[in-house]
>>> print(open('target_1.cif').read())   # mmCIF, C-alpha atoms
data_run
#
loop_
_atom_site.label_atom_id
_atom_site.label_comp_id
_atom_site.auth_asym_id
_atom_site.auth_seq_id
_atom_site.Cartn_x
_atom_site.Cartn_y
_atom_site.Cartn_z
CA MET A 1 4.10 1.58 -18.81
CA PHE A 2 4.94 -1.86 -17.45
CA GLU A 3 7.36 -4.67 -18.04
CA GLY A 4 6.64 -8.37 -18.24
CA PHE A 5 8.39 -11.65 -18.95
CA GLU A 6 7.13 -14.37 -21.23
CA PHE A 7 8.10 -17.51 -23.15
CA LEU A 8 7.05 -17.38 -26.79
CA ASN A 9 7.31 -21.14 -27.49
CA LYS A 10 6.19 -22.80 -24.26
CA GLU A 11 5.63 -26.14 -25.98
CA PHE A 12 9.40 -26.79 -25.91
CA PHE A 13 9.23 -27.20 -22.13
CA TRP A 14 7.87 -30.68 -22.79
CA LEU A 15 11.45 -31.60 -23.71
CA PHE A 16 12.36 -31.38 -20.01
CA LEU A 17 10.73 -34.81 -19.73
CA LEU A 18 13.82 -36.14 -21.51
CA LEU A 19 16.11 -35.16 -18.62
CA PRO A 20 14.86 -37.80 -16.14
CA LEU A 21 15.08 -40.38 -18.93
CA ALA A 22 18.66 -39.34 -19.63
CA LEU A 23 19.48 -39.63 -15.94
CA LEU A 24 18.03 -43.15 -15.76
CA TRP A 25 19.95 -44.13 -18.88
CA TYR A 26 23.18 -42.79 -17.37
CA ILE A 27 22.68 -44.71 -14.10
CA PHE A 28 21.91 -47.92 -15.99
CA LYS A 29 24.94 -47.51 -18.26
CA PHE A 30 27.22 -46.71 -15.33
CA LYS A 31 26.21 -49.84 -13.42
CA LYS A 32 26.60 -51.99 -16.50
CA GLN A 33 30.11 -50.69 -17.24
CA THR A 34 31.34 -50.99 -13.66
CA ALA A 35 33.15 -54.31 -13.09
CA ALA A 36 33.24 -56.00 -9.68
CA LEU A 37 36.54 -57.52 -8.46
CA LYS A 38 36.73 -59.56 -5.27
CA ILE A 39 40.10 -59.69 -3.50
CA SER A 40 41.07 -60.49 0.04
CA SER A 41 42.96 -57.25 0.62
CA ILE A 42 43.72 -53.98 -1.16
CA ASN A 43 46.80 -53.20 0.86
CA GLY A 44 48.95 -53.80 -2.16
CA PHE A 45 47.21 -51.12 -4.18
CA LYS A 46 48.21 -47.50 -3.83
CA THR A 47 45.90 -44.69 -4.92
CA THR A 48 47.08 -41.20 -5.45
CA ASN A 49 43.62 -39.60 -5.54
CA SER A 50 40.60 -41.79 -4.79
CA PHE A 51 38.21 -38.83 -4.85
CA LEU A 52 38.87 -37.77 -8.45
CA PRO A 53 37.11 -40.70 -10.19
CA LYS A 54 33.92 -39.89 -8.32
CA LEU A 55 33.93 -36.41 -9.79
CA LYS A 56 33.53 -37.78 -13.29
CA HIS A 57 29.77 -37.74 -12.70
CA ALA A 58 30.07 -33.95 -12.82
CA LEU A 59 30.59 -34.29 -16.58
CA PHE A 60 27.11 -35.71 -16.95
CA VAL A 61 25.67 -32.98 -14.70
CA LEU A 62 27.29 -30.36 -16.94
CA ARG A 63 25.70 -32.00 -19.96
CA LEU A 64 22.26 -32.05 -18.30
CA LEU A 65 22.58 -28.39 -17.35
CA ALA A 66 23.56 -27.49 -20.90
CA LEU A 67 20.59 -29.45 -22.26
CA GLY A 68 18.24 -27.68 -19.83
CA LEU A 69 19.58 -24.30 -20.92
CA ILE A 70 19.14 -25.19 -24.60
CA ILE A 71 15.54 -26.28 -24.00
CA THR A 72 14.84 -23.02 -22.14
CA ALA A 73 16.39 -21.06 -25.01
CA LEU A 74 14.17 -22.90 -27.51
CA ALA A 75 11.15 -21.69 -25.50
CA ARG A 76 12.19 -18.12 -26.48
CA PRO A 77 12.27 -16.21 -23.19
CA ARG A 78 11.92 -12.47 -23.63
CA THR A 79 11.02 -9.34 -21.71
CA VAL A 80 8.07 -7.24 -22.82
CA ASP A 81 7.98 -3.49 -22.28
CA VAL A 82 4.47 -2.13 -22.99
CA SER A 83 3.64 1.56 -23.19
CA THR A 84 0.13 2.91 -23.82
CA LYS A 85 -1.14 6.16 -25.23
CA THR A 86 -4.78 7.20 -25.29
CA LYS A 87 -6.38 9.66 -27.66
CA THR A 88 -9.93 10.98 -27.55
CA THR A 89 -11.26 10.72 -31.08
CA ARG A 90 -14.85 11.71 -30.52
CA GLY A 91 -15.70 14.20 -27.77
CA ILE A 92 -19.28 15.09 -26.81
CA ASP A 93 -20.62 18.57 -26.14
CA ILE A 94 -23.35 18.55 -23.49
CA VAL A 95 -25.64 21.30 -22.21
CA MET A 96 -27.60 20.70 -19.03
CA ALA A 97 -30.79 22.79 -19.00
CA ILE A 98 -32.02 23.12 -15.41
CA ASP A 99 -35.43 24.35 -14.28
CA VAL A 100 -34.93 26.84 -11.40
CA SER A 101 -38.55 27.81 -10.81
CA ALA A 102 -39.90 27.99 -7.24
CA SER A 103 -41.44 24.53 -7.54
CA MET A 104 -37.91 23.08 -7.67
CA LEU A 105 -37.79 23.75 -3.93
CA ALA A 106 -40.44 21.07 -3.34
CA LYS A 107 -39.37 18.56 -0.69
CA ASP A 108 -40.47 15.29 -2.29
CA LEU A 109 -36.76 14.76 -3.07
CA LYS A 110 -34.26 15.35 -0.27
CA PRO A 111 -33.43 17.99 0.79
CA ASN A 112 -35.37 19.43 -2.15
CA ARG A 113 -35.59 18.86 -5.89
CA LEU A 114 -32.99 21.45 -6.84
CA GLU A 115 -30.35 20.34 -4.35
CA ALA A 116 -30.93 16.67 -5.19
CA LEU A 117 -30.43 17.50 -8.87
CA LYS A 118 -27.23 19.45 -8.18
CA ASN A 119 -25.72 16.53 -6.25
CA VAL A 120 -26.45 14.03 -9.01
CA ALA A 121 -25.46 16.40 -11.83
CA ALA A 122 -22.11 17.10 -10.12
CA GLN A 123 -21.29 13.40 -10.10
CA PHE A 124 -22.31 13.14 -13.76
CA ILE A 125 -19.97 16.01 -14.68
CA LYS A 126 -17.05 14.41 -12.83
CA GLU A 127 -17.54 11.20 -14.84
CA ARG A 128 -17.26 13.02 -18.19
CA PRO A 129 -13.56 14.01 -18.23
CA ASN A 130 -13.26 14.03 -22.02
CA ASP A 131 -16.36 16.09 -22.84
CA ARG A 132 -17.26 19.76 -22.85
CA ILE A 133 -20.23 20.73 -20.69
CA GLY A 134 -22.31 23.90 -20.35
CA LEU A 135 -25.19 24.97 -18.08
CA VAL A 136 -28.46 26.75 -18.88
CA GLU A 137 -30.93 28.01 -16.26
CA TYR A 138 -34.56 28.65 -17.04
CA ALA A 139 -37.81 29.47 -15.30
CA GLY A 140 -40.10 32.03 -16.98
CA GLU A 141 -37.11 32.98 -19.13
CA SER A 142 -33.71 31.42 -19.71
CA TYR A 143 -30.04 32.33 -19.86
CA THR A 144 -26.66 30.65 -20.14
CA LYS A 145 -25.09 30.03 -16.77
CA THR A 146 -21.87 28.56 -18.23
CA PRO A 147 -20.90 28.22 -21.93
CA ILE A 148 -19.67 24.78 -22.96
CA THR A 149 -16.17 24.26 -21.62
CA SER A 150 -13.75 21.42 -20.92
CA ASP A 151 -12.84 23.00 -17.55
CA LYS A 152 -14.90 20.90 -15.16
CA SER A 153 -13.95 23.01 -12.14
CA ILE A 154 -15.71 26.01 -13.70
CA VAL A 155 -18.82 23.96 -14.49
CA LEU A 156 -18.93 22.46 -10.99
CA ARG A 157 -18.62 25.90 -9.34
CA SER A 158 -21.38 27.27 -11.54
CA LEU A 159 -23.58 24.28 -10.75
CA ASN A 160 -23.03 24.78 -7.04
CA ASP A 161 -24.06 28.44 -7.38
CA ILE A 162 -27.42 27.61 -8.97
CA LYS A 163 -30.29 28.45 -6.66
CA TYR A 164 -33.80 29.81 -6.81
CA ASN A 165 -34.05 33.58 -7.05
CA ASN A 166 -36.93 35.89 -7.78
CA VAL A 167 -34.93 37.86 -10.36
CA ILE A 168 -35.84 35.44 -13.12
CA THR A 169 -39.43 35.72 -14.25
CA GLY A 170 -41.61 33.09 -12.61
CA GLY A 171 -43.15 30.19 -14.49
CA THR A 172 -41.72 27.33 -16.55
CA ALA A 173 -40.65 28.15 -20.10
CA ILE A 174 -39.53 24.76 -21.40
CA GLY A 175 -39.33 26.09 -24.96
CA MET A 176 -37.04 28.93 -23.87
CA GLY A 177 -34.73 26.61 -21.93
CA LEU A 178 -34.48 24.23 -24.87
CA ALA A 179 -33.93 27.03 -27.42
CA THR A 180 -31.13 28.60 -25.35
CA SER A 181 -29.46 25.20 -25.05
CA VAL A 182 -29.71 24.68 -28.82
CA ASN A 183 -28.18 28.11 -29.37
CA ARG A 184 -25.16 27.13 -27.23
CA LEU A 185 -24.62 23.95 -29.27
CA LYS A 186 -25.56 24.88 -32.83
CA ASP A 187 -22.04 26.02 -33.76
CA SER A 188 -20.32 23.15 -31.98
CA LYS A 189 -17.87 21.11 -34.07
CA ALA A 190 -18.31 18.03 -31.89
CA LYS A 191 -19.58 14.92 -33.67
CA SER A 192 -22.12 14.37 -30.90
CA LYS A 193 -24.20 17.15 -29.30
CA VAL A 194 -26.51 16.47 -26.36
CA ILE A 195 -28.99 18.41 -24.24
CA ILE A 196 -30.20 17.12 -20.86
CA LEU A 197 -33.34 19.09 -20.10
CA LEU A 198 -34.90 18.78 -16.66
CA THR A 199 -38.19 20.23 -15.45
CA ASP A 200 -40.76 19.59 -12.74
CA GLY A 201 -43.71 21.32 -14.34
CA VAL A 202 -45.55 22.21 -17.53
CA ASN A 203 -44.72 24.78 -20.17
CA ASN A 204 -46.79 27.81 -19.10
CA THR A 205 -44.83 30.82 -20.31
CA GLY A 206 -42.15 31.99 -22.75
CA PHE A 207 -42.37 33.20 -26.34
CA ILE A 208 -40.78 30.14 -27.96
CA ASP A 209 -42.94 27.08 -28.42
CA PRO A 210 -41.22 23.87 -27.20
CA LYS A 211 -42.07 22.10 -30.45
CA ILE A 212 -40.32 24.80 -32.47
CA ALA A 213 -37.30 24.55 -30.17
CA SER A 214 -37.22 20.78 -30.66
CA GLU A 215 -37.34 21.29 -34.45
CA LEU A 216 -34.28 23.51 -34.12
CA ALA A 217 -32.55 20.77 -32.15
CA VAL A 218 -33.33 18.28 -34.94
CA GLU A 219 -32.04 20.71 -37.58
CA TYR A 220 -28.70 21.05 -35.81
CA GLY A 221 -28.43 17.34 -35.01
CA ILE A 222 -28.76 17.78 -31.25
CA LYS A 223 -30.06 14.86 -29.22
CA THR A 224 -32.22 15.76 -26.22
CA TYR A 225 -32.77 13.71 -23.08
CA THR A 226 -35.70 15.01 -21.04
CA ILE A 227 -36.29 14.37 -17.34
CA GLY A 228 -39.53 14.93 -15.46
CA LEU A 229 -38.71 15.54 -11.81
CA GLY A 230 -41.26 14.97 -9.05
CA THR A 231 -43.05 12.26 -7.14
CA ASN A 232 -46.40 10.81 -8.15
CA GLY A 233 -49.31 12.51 -6.36
CA MET A 234 -48.91 15.33 -3.85
CA ALA A 235 -45.66 17.05 -2.85
CA LEU A 236 -44.75 19.57 -0.16
CA SER A 237 -44.11 22.64 -2.35
CA PRO A 238 -43.85 26.44 -2.00
CA VAL A 239 -47.34 28.02 -2.21
CA SER A 240 -46.65 31.60 -1.10
CA MET A 241 -43.94 33.86 0.23
CA LEU A 242 -44.04 35.29 3.72
CA ALA A 243 -43.18 38.88 4.62
CA ASN A 244 -39.69 37.87 5.71
CA GLY A 245 -38.97 36.39 2.27
CA ALA A 246 -39.31 32.75 3.35
CA PHE A 247 -41.61 30.33 1.53
CA GLN A 248 -44.75 28.90 3.00
CA TYR A 249 -45.19 25.26 2.03
CA GLY A 250 -48.30 23.27 1.33
CA ARG A 251 -49.36 20.01 -0.29
CA VAL A 252 -49.55 20.54 -4.07
CA GLN A 253 -50.46 18.14 -6.86
CA VAL A 254 -47.40 17.31 -8.99
CA GLU A 255 -48.02 18.21 -12.65
CA ILE A 256 -45.48 17.34 -15.31
CA ASP A 257 -46.15 17.61 -19.03
CA GLU A 258 -44.83 14.13 -19.76
CA ALA A 259 -46.43 14.03 -23.21
CA LEU A 260 -44.46 17.11 -24.26
CA LEU A 261 -41.21 15.83 -22.79
CA LYS A 262 -41.64 12.47 -24.51
CA GLU A 263 -42.36 14.23 -27.81
CA ILE A 264 -39.21 16.37 -27.56
CA ALA A 265 -37.05 13.35 -26.72
CA GLU A 266 -38.50 11.18 -29.48
CA ALA A 267 -38.20 13.91 -32.13
CA THR A 268 -34.52 14.53 -31.37
CA GLY A 269 -33.48 10.91 -30.95
CA GLY A 270 -33.19 11.10 -27.17
CA LYS A 271 -35.12 9.50 -24.36
CA TYR A 272 -37.58 10.59 -21.66
CA PHE A 273 -37.11 9.71 -17.98
CA ARG A 274 -39.21 10.22 -14.87
CA ALA A 275 -37.43 10.76 -11.54
CA THR A 276 -39.72 10.30 -8.55
CA ASN A 277 -37.01 10.11 -5.87
CA ASN A 278 -33.31 10.68 -5.28
CA GLN A 279 -32.28 7.14 -6.20
CA LYS A 280 -34.25 7.17 -9.43
CA LEU A 281 -32.71 10.52 -10.38
CA ALA A 282 -29.21 9.12 -9.82
CA GLU A 283 -30.05 6.04 -11.90
CA ILE A 284 -31.27 8.24 -14.76
CA TYR A 285 -28.05 10.22 -14.96
CA GLU A 286 -26.09 6.98 -14.72
CA GLU A 287 -28.03 5.56 -17.67
CA ILE A 288 -27.46 8.72 -19.73
CA ASN A 289 -23.78 8.48 -18.85
CA LYS A 290 -23.72 4.94 -20.28
CA LEU A 291 -25.74 5.87 -23.37
CA GLU A 292 -23.47 8.75 -24.35
CA LYS A 293 -19.99 7.31 -24.63
CA THR A 294 -16.92 9.18 -25.82
CA ASP A 295 -14.81 7.22 -28.29
CA ILE A 296 -11.25 6.81 -27.04
CA GLU A 297 -8.44 5.20 -29.02
CA GLU A 298 -5.77 3.38 -27.07
CA PHE A 299 -2.42 2.74 -28.69
CA LYS A 300 -0.12 0.10 -27.23
CA PHE A 301 3.56 -0.08 -28.09
CA TYR A 302 5.44 -3.32 -27.43
CA ASN A 303 9.22 -3.49 -27.07
CA TYR A 304 10.59 -7.04 -26.94
CA GLN A 305 14.07 -8.02 -25.77
CA GLU A 306 15.09 -11.58 -26.59
CA MET A 307 16.79 -13.45 -23.72
CA PHE A 308 17.70 -16.78 -25.38
CA ARG A 309 21.17 -15.78 -26.59
CA PRO A 310 22.81 -15.69 -23.13
CA LEU A 311 21.31 -19.13 -22.41
CA VAL A 312 22.74 -20.57 -25.62
CA LEU A 313 26.17 -19.09 -24.90
CA LEU A 314 26.13 -20.46 -21.35
CA ALA A 315 25.07 -23.90 -22.62
CA GLY A 316 27.95 -23.80 -25.13
CA LEU A 317 30.42 -22.92 -22.38
CA LEU A 318 29.18 -25.82 -20.23
CA LEU A 319 29.57 -28.26 -23.13
CA LEU A 320 33.03 -26.89 -23.89
CA LEU A 321 33.99 -27.26 -20.24
CA GLU A 322 32.73 -30.84 -20.26
CA LEU A 323 34.87 -31.66 -23.33
CA LEU A 324 37.97 -30.08 -21.81
CA LEU A 325 37.54 -31.99 -18.55
CA ARG A 326 36.74 -35.23 -20.36
CA PHE A 327 39.94 -35.18 -22.45
CA THR A 328 42.25 -33.73 -19.81
CA ILE A 329 41.68 -34.32 -16.10
CA PHE A 330 39.19 -37.20 -16.39
CA ARG A 331 40.71 -38.83 -19.47
CA SER A 332 42.19 -41.79 -17.62
CA PHE A 333 38.98 -42.48 -15.71
CA ILE A 334 36.53 -42.67 -18.62
#
>>> encode(input="target_1.cif", output="structure tokens")
Amino acid sequence: MFEGFEFLNKEFFWLFLLLPLALLWYIFKFKKQTAALKISSINGFKTTNSFLPKLKHALFVLRLLALGLIITALARPRTVDVSTKTKTTRGIDIVMAIDVSASMLAKDLKPNRLEALKNVAAQFIKERPNDRIGLVEYAGESYTKTPITSDKSIVLRSLNDIKYNNVITGGTAIGMGLATSVNRLKDSKAKSKVIILLTDGVNNTGFIDPKIASELAVEYGIKTYTIGLGTNGMALSPVSMLANGAFQYGRVQVEIDEALLKEIAEATGGKYFRATNNQKLAEIYEEINKLEKTDIEEFKFYNYQEMFRPLVLLAGLLLLLELLLRFTIFRSFI
């Protein structure tokens, strides 16, 4: 809420140009009406109050002030009190399907693919205050990490907890991840439903074919953005696990089924992206953020208070005062 001040009819301010002209006219008239009398001495004249005739110019000043007030009143000064109210008219339900296979620990993104994704995804979530968001994890199988919710603190905590573990079956089941995401959104009442599916590999396991999962997404009107994560060429990736549970890293050729990801995106009305470094990944999420906008209605209420009436009253008082002075105190001098 804020208050402002404005003049509705500013064009009337041009009338102020008349005031200097009126002043010039008054000076000219005064000089013309003043007679000059030359005498040798004024000792024979007695004046009771020589200062009072000079004050008659105050009558003209009062008239100028009244005219200025009238001109200002004609310009319609008023205060404006504006209050706004926003209403979300079209929220978006979003599910982020995240590949958590061992290859997501590859170090071609810093500090690794999974941590780089979590950092960018967290920023994306923070910039969607009016939408509901859910998380799905998948590797060789998939499950819902967080159902769609408007509580961003829950989603951010769940995102922070995502990490590689050997409990989930190894491999990359893109079809499973997509199908689980569709299942979370199919009953959504939102007008816009979106899946952001990220993977760094090829579909090599799972009992649901990715094409079937994409057909389900189309049936339920769910748009899917797919992201292939990984540099071009070789990447330092986990190749085996040591006895102490730590990974041994080696140079591995990056393989992403871009044809499949493009097909899923195209079929569902989404778009495919390739993230080869941290900056590119951030740019992708920023672009998706711009593509999927939530409609927000903003209502503005204006309360106007007219301010010309006090000016008109004051101008009337000045004119009345001028008339009283003219026909009382200054009557004999005019």
>>> resolve_selection(input="target_1.cif", expression="the PyMOL selection byres ((chain A and resi 119) around 12)", output="ChimeraX atom specification")
/A:109-118,120-126,156,159-160,162,278-279,281-282,285
>>> resolve_selection(input="target_1.cif", expression="the PyMOL selection byres ((chain A and resi 319) around 12)", output="list in words")
Ala58, Leu59, Phe60, Val61, Leu62, Arg63, Leu64, Leu65, Ala66, Leu67, Gly68, Leu69, Ile70, Val312, Leu313, Leu314, Ala315, Gly316, Leu317, Leu318, Leu320, Leu321, Glu322, Leu323, Leu324, Leu325 and Arg326 of chain A
>>> closest_residue(input="target_1.cif", among="A:Lys191, A:Ala265, A:Gly4, A:Arg184", to="Ser83 in chain A", atoms="all atoms listed in the file")
A:Gly4
>>> residues_around(input="target_1.cif", residues="Phe247 in chain A", least_positions_apart="6", cutoff="6 Å", atoms="all atoms listed in the file", output="compact mmCIF listing (two decimals) with C-alpha atoms, keeping the file's coordinate frame")
# COMPACT_ATOMS: atom_id res chain seq x y z
CA PRO A 238 -43.85 26.44 -2.00
CA SER A 240 -46.65 31.60 -1.10
CA MET A 241 -43.94 33.86 0.23
>>> resolve_selection(input="target_1.cif", expression="the PyMOL selection byres ((chain A and resi 304-310) around 8)", output="PDB file with C-alpha atoms, in the frame of the given file")
ATOM      1  CA  THR A  72      14.840 -23.020 -22.140  1.00  0.00           C
ATOM      2  CA  ALA A  73      16.390 -21.060 -25.010  1.00  0.00           C
ATOM      3  CA  LEU A  74      14.170 -22.900 -27.510  1.00  0.00           C
ATOM      4  CA  ARG A  76      12.190 -18.120 -26.480  1.00  0.00           C
ATOM      5  CA  PRO A  77      12.270 -16.210 -23.190  1.00  0.00           C
ATOM      6  CA  ARG A  78      11.920 -12.470 -23.630  1.00  0.00           C
ATOM      7  CA  THR A  79      11.020  -9.340 -21.710  1.00  0.00           C
ATOM      8  CA  VAL A  80       8.070  -7.240 -22.820  1.00  0.00           C
ATOM      9  CA  ASP A  81       7.980  -3.490 -22.280  1.00  0.00           C
ATOM     10  CA  TYR A 302       5.440  -3.320 -27.430  1.00  0.00           C
ATOM     11  CA  ASN A 303       9.220  -3.490 -27.070  1.00  0.00           C
ATOM     12  CA  LEU A 311      21.310 -19.130 -22.410  1.00  0.00           C
ATOM     13  CA  VAL A 312      22.740 -20.570 -25.620  1.00  0.00           C
ATOM     14  CA  LEU A 313      26.170 -19.090 -24.900  1.00  0.00           C
ATOM     15  CA  LEU A 314      26.130 -20.460 -21.350  1.00  0.00           C
TER      16      LEU A 314
END
>>> closest_residue(input="target_1.cif", among="A:Asn130, A:Asn203, A:Thr180, A:Thr328", to="Asp151 in chain A", atoms="only C-alpha atoms")
A:Asn130
>>> closest_residue(input="target_1.cif", among="A:Ala190, A:Leu216, A:Met176, A:Ala106", to="Ser237 in chain A", atoms="only C-alpha atoms")
A:Ala106
>>> closest_residue(input="target_1.cif", among="A:Val239, A:Leu15, A:Leu8, A:Ile264", to="Leu105 in chain A", atoms="only C-alpha atoms")
A:Val239
>>> atom_distance(input="target_1.cif", atom1="CA of Tyr26 in chain A", atom2="CA of Phe327 in chain A")
19.1 Å
>>> closest_residue(input="target_1.cif", among="A:Ile133, A:Leu236, A:Ala75, A:Ala179", to="Gly91 in chain A", atoms="only C-alpha atoms")
A:Ile133
>>> atom_distance(input="target_1.cif", atom1="CA of Glu219 in chain A", atom2="CA of Val182 in chain A")
9.9 Å
>>> atom_distance(input="target_1.cif", atom1="CA of Leu198 in chain A", atom2="CA of Ser181 in chain A")
11.9 Å
>>> closest_residue(input="target_1.cif", among="A:Gly201, A:Pro147, A:Gly134, A:Gly140", to="Asn166 in chain A", atoms="only C-alpha atoms")
A:Gly140
>>> residues_near_point(input="target_1.cif", point="(-39.5, 10.2, -16.7)", cutoff="9 Å", atoms="only C-alpha atoms", output="MDAnalysis selection string")
chainID A and resid 226:229 258 261:262 271:276 284
>>> residues_near_point(input="target_1.cif", point="(-28.8, 13.2, -29.2)", cutoff="6 Å", atoms="only C-alpha atoms", output="VMD selection string")
chain A and resid 194 222 to 224 269 to 270
